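Participant: I'd like to ask some things about the structure below.
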Amino acid sequence: MKIYNTMSGKKEELKTINEGEVKIYACGPTVYNYIHIGNARPICVFDILRRYLEYRGYKVTYVQNFTDIDDKIIKKANEENSDYKTVSEKFIEEYKTDSKGLNVREATIHPKATENIQQMIDMVKKLEEKGYAYSTEYGDVYFRTNKFREYGKLSHQPLEDLEAGARIQIGDTKENPMDFALWKGAKEGEPYWESPWGKGRPGWHIECSCMAKRYLGDTIDIHCGGQDLIFPHHENEIAQSECSNGVTFANYWMHNGYINVDNKKMSKSLGNFFTVRDVAEQFGYEPIRYLMISSHYRSPINYSIDIIKQCKSALDRLYNCRQDLAFLADSSTGEFKEGEQEIKDKLLTHKDDFISSMEDDLNTADAISALFELARDINSSINAQTKPSKELCDFALNLYDELSGVLGLLYEQKDSEVKDSVQELIDRRTQARKDKNWAEADKIRNELAEMGITIKDTPNGTIVVTE
Ligand SMILES: [Zn+2]
């Protein structure tokens, strides 16, 4: 598989540290609020990376942290007269509800920052011993950026350029404006932990360096996150990890692009800020997942109500194909018939296209096109035929589920199960009417009404009336 590595600025063949294994670290959410649709993108995209690597036979260890102590969490807790733990625990649960709705699998490990404080203190101590960190009279500890010559290598900005753009704030005790906090001395009323530098709490960047080291080792295969994290967050993670461990931190860096709303940058002040929960309540979760993977992960994407509706109808087309096929697979019989081998071969070409798209830097946009091509051929060569063999139907159904499963799509099977049982009732009623069994027909009509389904008899048969 080829992966675009932000570090080299090129697509590179994936070579893992251990054969057949991939160690992935993904920066997780700061849990103080509901996630917005921009947050949904890395969650969905890197879930697919993991699914695809597993599909190709790799054993994947996927670590995603929860930042459960941070300025924003403390602020929220103060506003609500609560404490940081109550706030973070609540929003970890809300995060889990949303990611489950988006069909994102739980990480192998979901460590929390506050469960790794000792590891962070140890790493900061090590950086201090090696001369990469210094403490100030207020109990803060900073990373000494100009001691790490490679600082800026991920974002491709030399330290001198960064320094030229930075300003020393009034009251700053840093040696250099680019130095960043590893440990923050506690202010009055803030939560704190005891440390060699007094009462305080970790800076944000240090947690990822420590959790990656603890759960995956000094060098990991793939580090991923949103493009907005390249600088300074990931740059700082590299500085901390490489200076304390003395080896390369991550071999591949993958970053997803931005999301705009109605072609504008999403922001609370523009009033175009949408949480995943809001959108899901109106349209369901799956169209959001579909939107996130309908473009290549590095391209920017645009969100609008119209686009999410288009995603929903695209999904409906995929579901309809599957539903028709599943119905045929149930009712058909027999082994491959004459001419069906060619159909099978044709369907398999879409699998080849699907895989080659995914191999090319996780091109989910092209992979979805391959899935639609497969659906088109299933519709024309199987669903529209009078008596396809059971073997062909089963083969096509398995292939369809295999490829949609790699993308984590078509997981709302409940919906189609409901549709199936509705169809079954309508069929039974049609038969009852043919048999002039009006009592039975009325009984079924009432049963459907209780399910909230209104039907109408037309010359072409019975249809479901949608409001
Ligand atoms: Zn991180």
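Letters for chains follow the order of the structure tokens (A, B, ...), residue numbers begin at 1 for each chain, and ligand numbers begin at 1 in the order shown.
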With only C-alpha atoms as the counted atoms, please give the residues lying no more than 8 Å from A:Phe66, apart from itself and same-chain residues fewer than 5 positions off, as a PyMOL selection string.

Facilitator: chain A and resi 28-31+92+110-113

Participant: Could those selected residues go to a file with N, CA, C and O atoms, as a compact mmCIF listing (two decimals), in the first residue's frame?

Facilitator:
# COMPACT_ATOMS: atom_id res chain seq x y z
N GLY A 28 -6.75 11.89 19.70
CA GLY A 28 -8.19 11.84 19.99
C GLY A 28 -8.73 13.19 20.44
O GLY A 28 -8.02 14.19 20.44
N PRO A 29 -9.99 13.21 20.83
CA PRO A 29 -10.65 14.48 21.16
C PRO A 29 -10.31 15.00 22.56
O PRO A 29 -9.97 14.23 23.45
N THR A 30 -10.40 16.32 22.70
CA THR A 30 -10.40 16.94 24.01
C THR A 30 -11.86 16.95 24.44
O THR A 30 -12.69 17.53 23.75
N VAL A 31 -12.16 16.26 25.55
CA VAL A 31 -13.56 15.96 25.84
C VAL A 31 -14.20 17.02 26.74
O VAL A 31 -14.21 16.90 27.95
N ILE A 92 -16.77 11.90 27.24
CA ILE A 92 -16.23 10.64 26.71
C ILE A 92 -17.41 9.75 26.32
O ILE A 92 -17.42 9.14 25.24
N HIS A 110 -7.93 3.00 24.37
CA HIS A 110 -8.35 4.41 24.45
C HIS A 110 -7.79 5.00 25.74
O HIS A 110 -8.52 5.21 26.71
N PRO A 111 -6.49 5.29 25.81
CA PRO A 111 -5.95 5.78 27.09
C PRO A 111 -6.39 7.22 27.37
O PRO A 111 -6.67 7.99 26.45
N LYS A 112 -6.45 7.53 28.65
CA LYS A 112 -6.77 8.91 29.05
C LYS A 112 -5.50 9.58 29.55
O LYS A 112 -4.67 8.94 30.22
N ALA A 113 -5.41 10.87 29.30
CA ALA A 113 -4.23 11.61 29.74
C ALA A 113 -4.01 11.46 31.24
O ALA A 113 -2.89 11.21 31.70

Participant: Can you pull out every residue from stretch 280-455 of chain A that DSSP, working from the backbone, puts in helix (DSSP H, G or I), and format the result as an MDAnalysis selection string?

Facilitator: chainID A and resid 280:283 286:293 305:331 340:359 364:383 390:406 413:434 438:450

Participant: Since we have the selection now, will you write its residues out, keeping C-alpha atoms, as a compact mmCIF listing (two decimals), in the first residue's frame?

Facilitator:
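In the end it all went to part-v7.txt:
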# COMPACT_ATOMS: atom_id res chain seq x y z
CA ALA A 280 -27.50 12.77 12.96
CA GLU A 281 -30.80 13.61 14.62
CA GLN A 282 -32.04 15.03 11.36
CA PHE A 283 -30.48 12.74 8.77
CA GLU A 286 -24.58 7.04 8.13
CA PRO A 287 -24.82 9.92 5.60
CA ILE A 288 -22.18 11.72 7.70
CA ARG A 289 -19.85 8.76 7.45
CA TYR A 290 -20.57 8.55 3.74
CA LEU A 291 -19.73 12.24 3.28
CA MET A 292 -16.41 11.84 5.10
CA ILE A 293 -15.23 9.09 2.80
CA ILE A 305 -27.68 20.23 3.93
CA ASP A 306 -28.02 19.51 0.20
CA ILE A 307 -24.83 17.51 0.16
CA ILE A 308 -25.85 15.43 3.17
CA LYS A 309 -29.17 14.71 1.44
CA GLN A 310 -27.29 13.57 -1.64
CA CYS A 311 -25.23 11.28 0.57
CA LYS A 312 -28.41 9.84 1.99
CA SER A 313 -29.85 9.09 -1.43
CA ALA A 314 -26.56 7.57 -2.60
CA LEU A 315 -26.76 5.25 0.39
CA ASP A 316 -30.37 4.42 -0.46
CA ARG A 317 -29.26 3.27 -3.90
CA LEU A 318 -26.64 1.02 -2.34
CA TYR A 319 -29.16 -0.35 0.17
CA ASN A 320 -31.75 -0.99 -2.51
CA CYS A 321 -29.32 -3.02 -4.56
CA ARG A 322 -28.45 -5.10 -1.53
CA GLN A 323 -32.05 -5.59 -0.52
CA ASP A 324 -33.07 -6.83 -3.97
CA LEU A 325 -30.07 -9.12 -4.10
CA ALA A 326 -30.68 -10.51 -0.61
CA PHE A 327 -34.29 -11.20 -1.57
CA LEU A 328 -33.16 -13.10 -4.68
CA ALA A 329 -30.51 -15.01 -2.73
CA ASP A 330 -33.25 -16.22 -0.39
CA SER A 331 -35.61 -17.34 -3.10
CA GLU A 340 -22.91 -16.88 -15.01
CA GLN A 341 -19.16 -17.44 -14.79
CA GLU A 342 -18.71 -14.35 -16.99
CA ILE A 343 -20.93 -12.35 -14.67
CA LYS A 344 -18.85 -13.48 -11.71
CA ASP A 345 -15.62 -12.49 -13.48
CA LYS A 346 -17.06 -9.10 -14.32
CA LEU A 347 -18.08 -8.48 -10.71
CA LEU A 348 -14.57 -9.39 -9.59
CA THR A 349 -13.04 -6.66 -11.75
CA HIS A 350 -14.74 -4.15 -9.42
CA LYS A 351 -13.05 -5.76 -6.45
CA ASP A 352 -9.70 -5.29 -8.20
CA ASP A 353 -10.53 -1.63 -8.82
CA PHE A 354 -11.63 -1.22 -5.23
CA ILE A 355 -8.39 -2.64 -3.88
CA SER A 356 -6.13 -0.70 -6.22
CA SER A 357 -7.90 2.53 -5.20
CA MET A 358 -7.42 1.79 -1.53
CA GLU A 359 -3.78 0.79 -2.12
CA THR A 364 -11.95 6.01 -0.70
CA ALA A 365 -13.55 8.25 -3.34
CA ASP A 366 -12.49 5.86 -6.12
CA ALA A 367 -13.24 2.86 -3.93
CA ILE A 368 -16.85 4.05 -3.55
CA SER A 369 -17.07 4.45 -7.32
CA ALA A 370 -15.98 0.82 -7.66
CA LEU A 371 -18.71 -0.16 -5.19
CA PHE A 372 -21.29 1.70 -7.31
CA GLU A 373 -20.03 -0.02 -10.44
CA LEU A 374 -20.48 -3.31 -8.64
CA ALA A 375 -24.01 -2.31 -7.64
CA ARG A 376 -24.79 -1.32 -11.22
CA ASP A 377 -23.65 -4.70 -12.56
CA ILE A 378 -25.49 -6.59 -9.82
CA ASN A 379 -28.65 -4.69 -10.70
CA SER A 380 -28.38 -5.33 -14.42
CA SER A 381 -26.88 -8.83 -14.48
CA ILE A 382 -28.56 -10.40 -11.45
CA ASN A 383 -31.38 -8.37 -9.93
CA LYS A 390 -28.41 -19.22 -5.76
CA GLU A 391 -24.66 -19.70 -6.06
CA LEU A 392 -24.33 -16.53 -8.14
CA CYS A 393 -26.59 -14.53 -5.80
CA ASP A 394 -24.67 -15.65 -2.75
CA PHE A 395 -21.35 -14.92 -4.40
CA ALA A 396 -22.46 -11.39 -5.33
CA LEU A 397 -23.96 -10.73 -1.91
CA ASN A 398 -20.77 -11.79 -0.14
CA LEU A 399 -18.64 -9.64 -2.40
CA TYR A 400 -20.96 -6.66 -1.91
CA ASP A 401 -20.89 -7.03 1.87
CA GLU A 402 -17.13 -7.56 1.84
CA LEU A 403 -16.37 -4.29 0.03
CA SER A 404 -18.99 -2.15 1.74
CA GLY A 405 -17.77 -3.59 5.05
CA VAL A 406 -14.21 -2.39 4.42
CA GLN A 413 -29.27 -3.26 8.44
CA LYS A 414 -32.07 -2.75 10.93
CA ASP A 415 -33.72 -0.38 8.49
CA SER A 416 -33.70 -2.91 5.73
CA GLU A 417 -34.86 -5.62 8.12
CA VAL A 418 -37.86 -3.42 8.90
CA LYS A 419 -38.39 -2.90 5.17
CA ASP A 420 -38.22 -6.68 4.70
CA SER A 421 -40.86 -7.38 7.31
CA VAL A 422 -43.10 -4.64 5.92
CA GLN A 423 -42.77 -6.18 2.46
CA GLU A 424 -43.61 -9.59 3.89
CA LEU A 425 -46.81 -8.25 5.48
CA ILE A 426 -47.81 -6.50 2.26
CA ASP A 427 -47.26 -9.73 0.31
CA ARG A 428 -49.38 -11.69 2.77
CA ARG A 429 -52.13 -9.08 2.48
CA THR A 430 -52.03 -9.18 -1.31
CA GLN A 431 -52.48 -12.95 -1.12
CA ALA A 432 -55.35 -12.58 1.38
CA ARG A 433 -57.08 -10.14 -1.00
CA LYS A 434 -56.61 -12.57 -3.90
CA TRP A 438 -61.05 -9.56 3.64
CA ALA A 439 -60.87 -10.05 7.39
CA GLU A 440 -57.24 -11.15 7.16
CA ALA A 441 -56.42 -8.29 4.76
CA ASP A 442 -57.87 -5.73 7.17
CA LYS A 443 -56.06 -7.30 10.09
CA ILE A 444 -52.72 -6.90 8.28
CA ARG A 445 -53.56 -3.33 7.31
CA ASN A 446 -54.10 -2.57 11.01
CA GLU A 447 -50.89 -4.31 11.94
CA LEU A 448 -49.00 -2.09 9.51
CA ALA A 449 -50.78 0.99 10.82
CA GLU A 450 -49.59 0.10 14.31

Participant: How would you report the residues lying within 9 Å of ligand 1, as a list of chain:residue names, if you count only C-alpha atoms and all ligand atoms?

Facilitator: A:Tyr25, A:Ala26, A:Cys27, A:Gly28, A:Gln64, A:Asn65, A:Thr67, A:Trp204, A:His205, A:Ile206, A:Glu207, A:Cys208, A:Ser209, A:His223, A:Cys224, A:Gly225, A:Leu229, A:His233, A:His234, A:Glu237

Participant: Using only C-alpha atoms, what does the table of stretch 5-116 of chain A residues within 12 Å of stretch 144-158 of chain A look like, with each row giving the shortest atom pair and its distance in Å to one decimal, sorted by chain and ascending number, as CSV?

Facilitator:
residue,atom,partner,partner_atom,distance
A:Asn5,CA,A:Leu154,CA,9.6
A:Thr6,CA,A:Leu154,CA,6.7
A:Met7,CA,A:Leu154,CA,4.9
A:Ser8,CA,A:Leu154,CA,8.1
A:Gly9,CA,A:Leu154,CA,9.1

Participant: Emit the selected residues as a PDB file, in the first residue's frame, including N, CA, C and O atoms.

Facilitator:
ATOM      1  N   ASN A   5       3.117  10.513   2.905  1.00  0.00           N
ATOM      2  CA  ASN A   5       3.746  10.800   4.190  1.00  0.00           C
ATOM      3  C   ASN A   5       4.006  12.312   4.286  1.00  0.00           C
ATOM      4  O   ASN A   5       4.787  12.859   3.510  1.00  0.00           O
ATOM      5  N   THR A   6       3.335  12.963   5.214  1.00  0.00           N
ATOM      6  CA  THR A   6       3.511  14.416   5.357  1.00  0.00           C
ATOM      7  C   THR A   6       4.986  14.764   5.587  1.00  0.00           C
ATOM      8  O   THR A   6       5.449  15.821   5.151  1.00  0.00           O
ATOM      9  N   MET A   7       5.703  13.856   6.249  1.00  0.00           N
ATOM     10  CA  MET A   7       7.110  14.142   6.552  1.00  0.00           C
ATOM     11  C   MET A   7       7.939  14.291   5.275  1.00  0.00           C
ATOM     12  O   MET A   7       8.704  15.227   5.141  1.00  0.00           O
ATOM     13  N   SER A   8       7.763  13.364   4.322  1.00  0.00           N
ATOM     14  CA  SER A   8       8.577  13.420   3.103  1.00  0.00           C
ATOM     15  C   SER A   8       7.870  14.211   2.005  1.00  0.00           C
ATOM     16  O   SER A   8       8.501  14.593   1.012  1.00  0.00           O
ATOM     17  N   GLY A   9       6.572  14.424   2.161  1.00  0.00           N
ATOM     18  CA  GLY A   9       5.806  15.104   1.117  1.00  0.00           C
ATOM     19  C   GLY A   9       5.606  14.235  -0.110  1.00  0.00           C
ATOM     20  O   GLY A   9       5.343  14.731  -1.201  1.00  0.00           O
TER      21      GLY A   9
END

Participant: Quick one, how far is atom CA of A:Asn116 from atom CA of A:Met211?

Facilitator: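 Computed distance, atom CA of A:Asn116 to atom CA of A:Met211, equals 7.1 Å.
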
Participant: Using only C-alpha atoms, which of the listed residues (A:Asp71, A:Asp221, A:Ala40, A:Val261) sits closest to A:Val104?

Facilitator: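 Checking each of A:Asp71, A:Asp221, A:Ala40, A:Val261 against A:Val104, counting only C-alpha atoms, the winner is A:Ala40.
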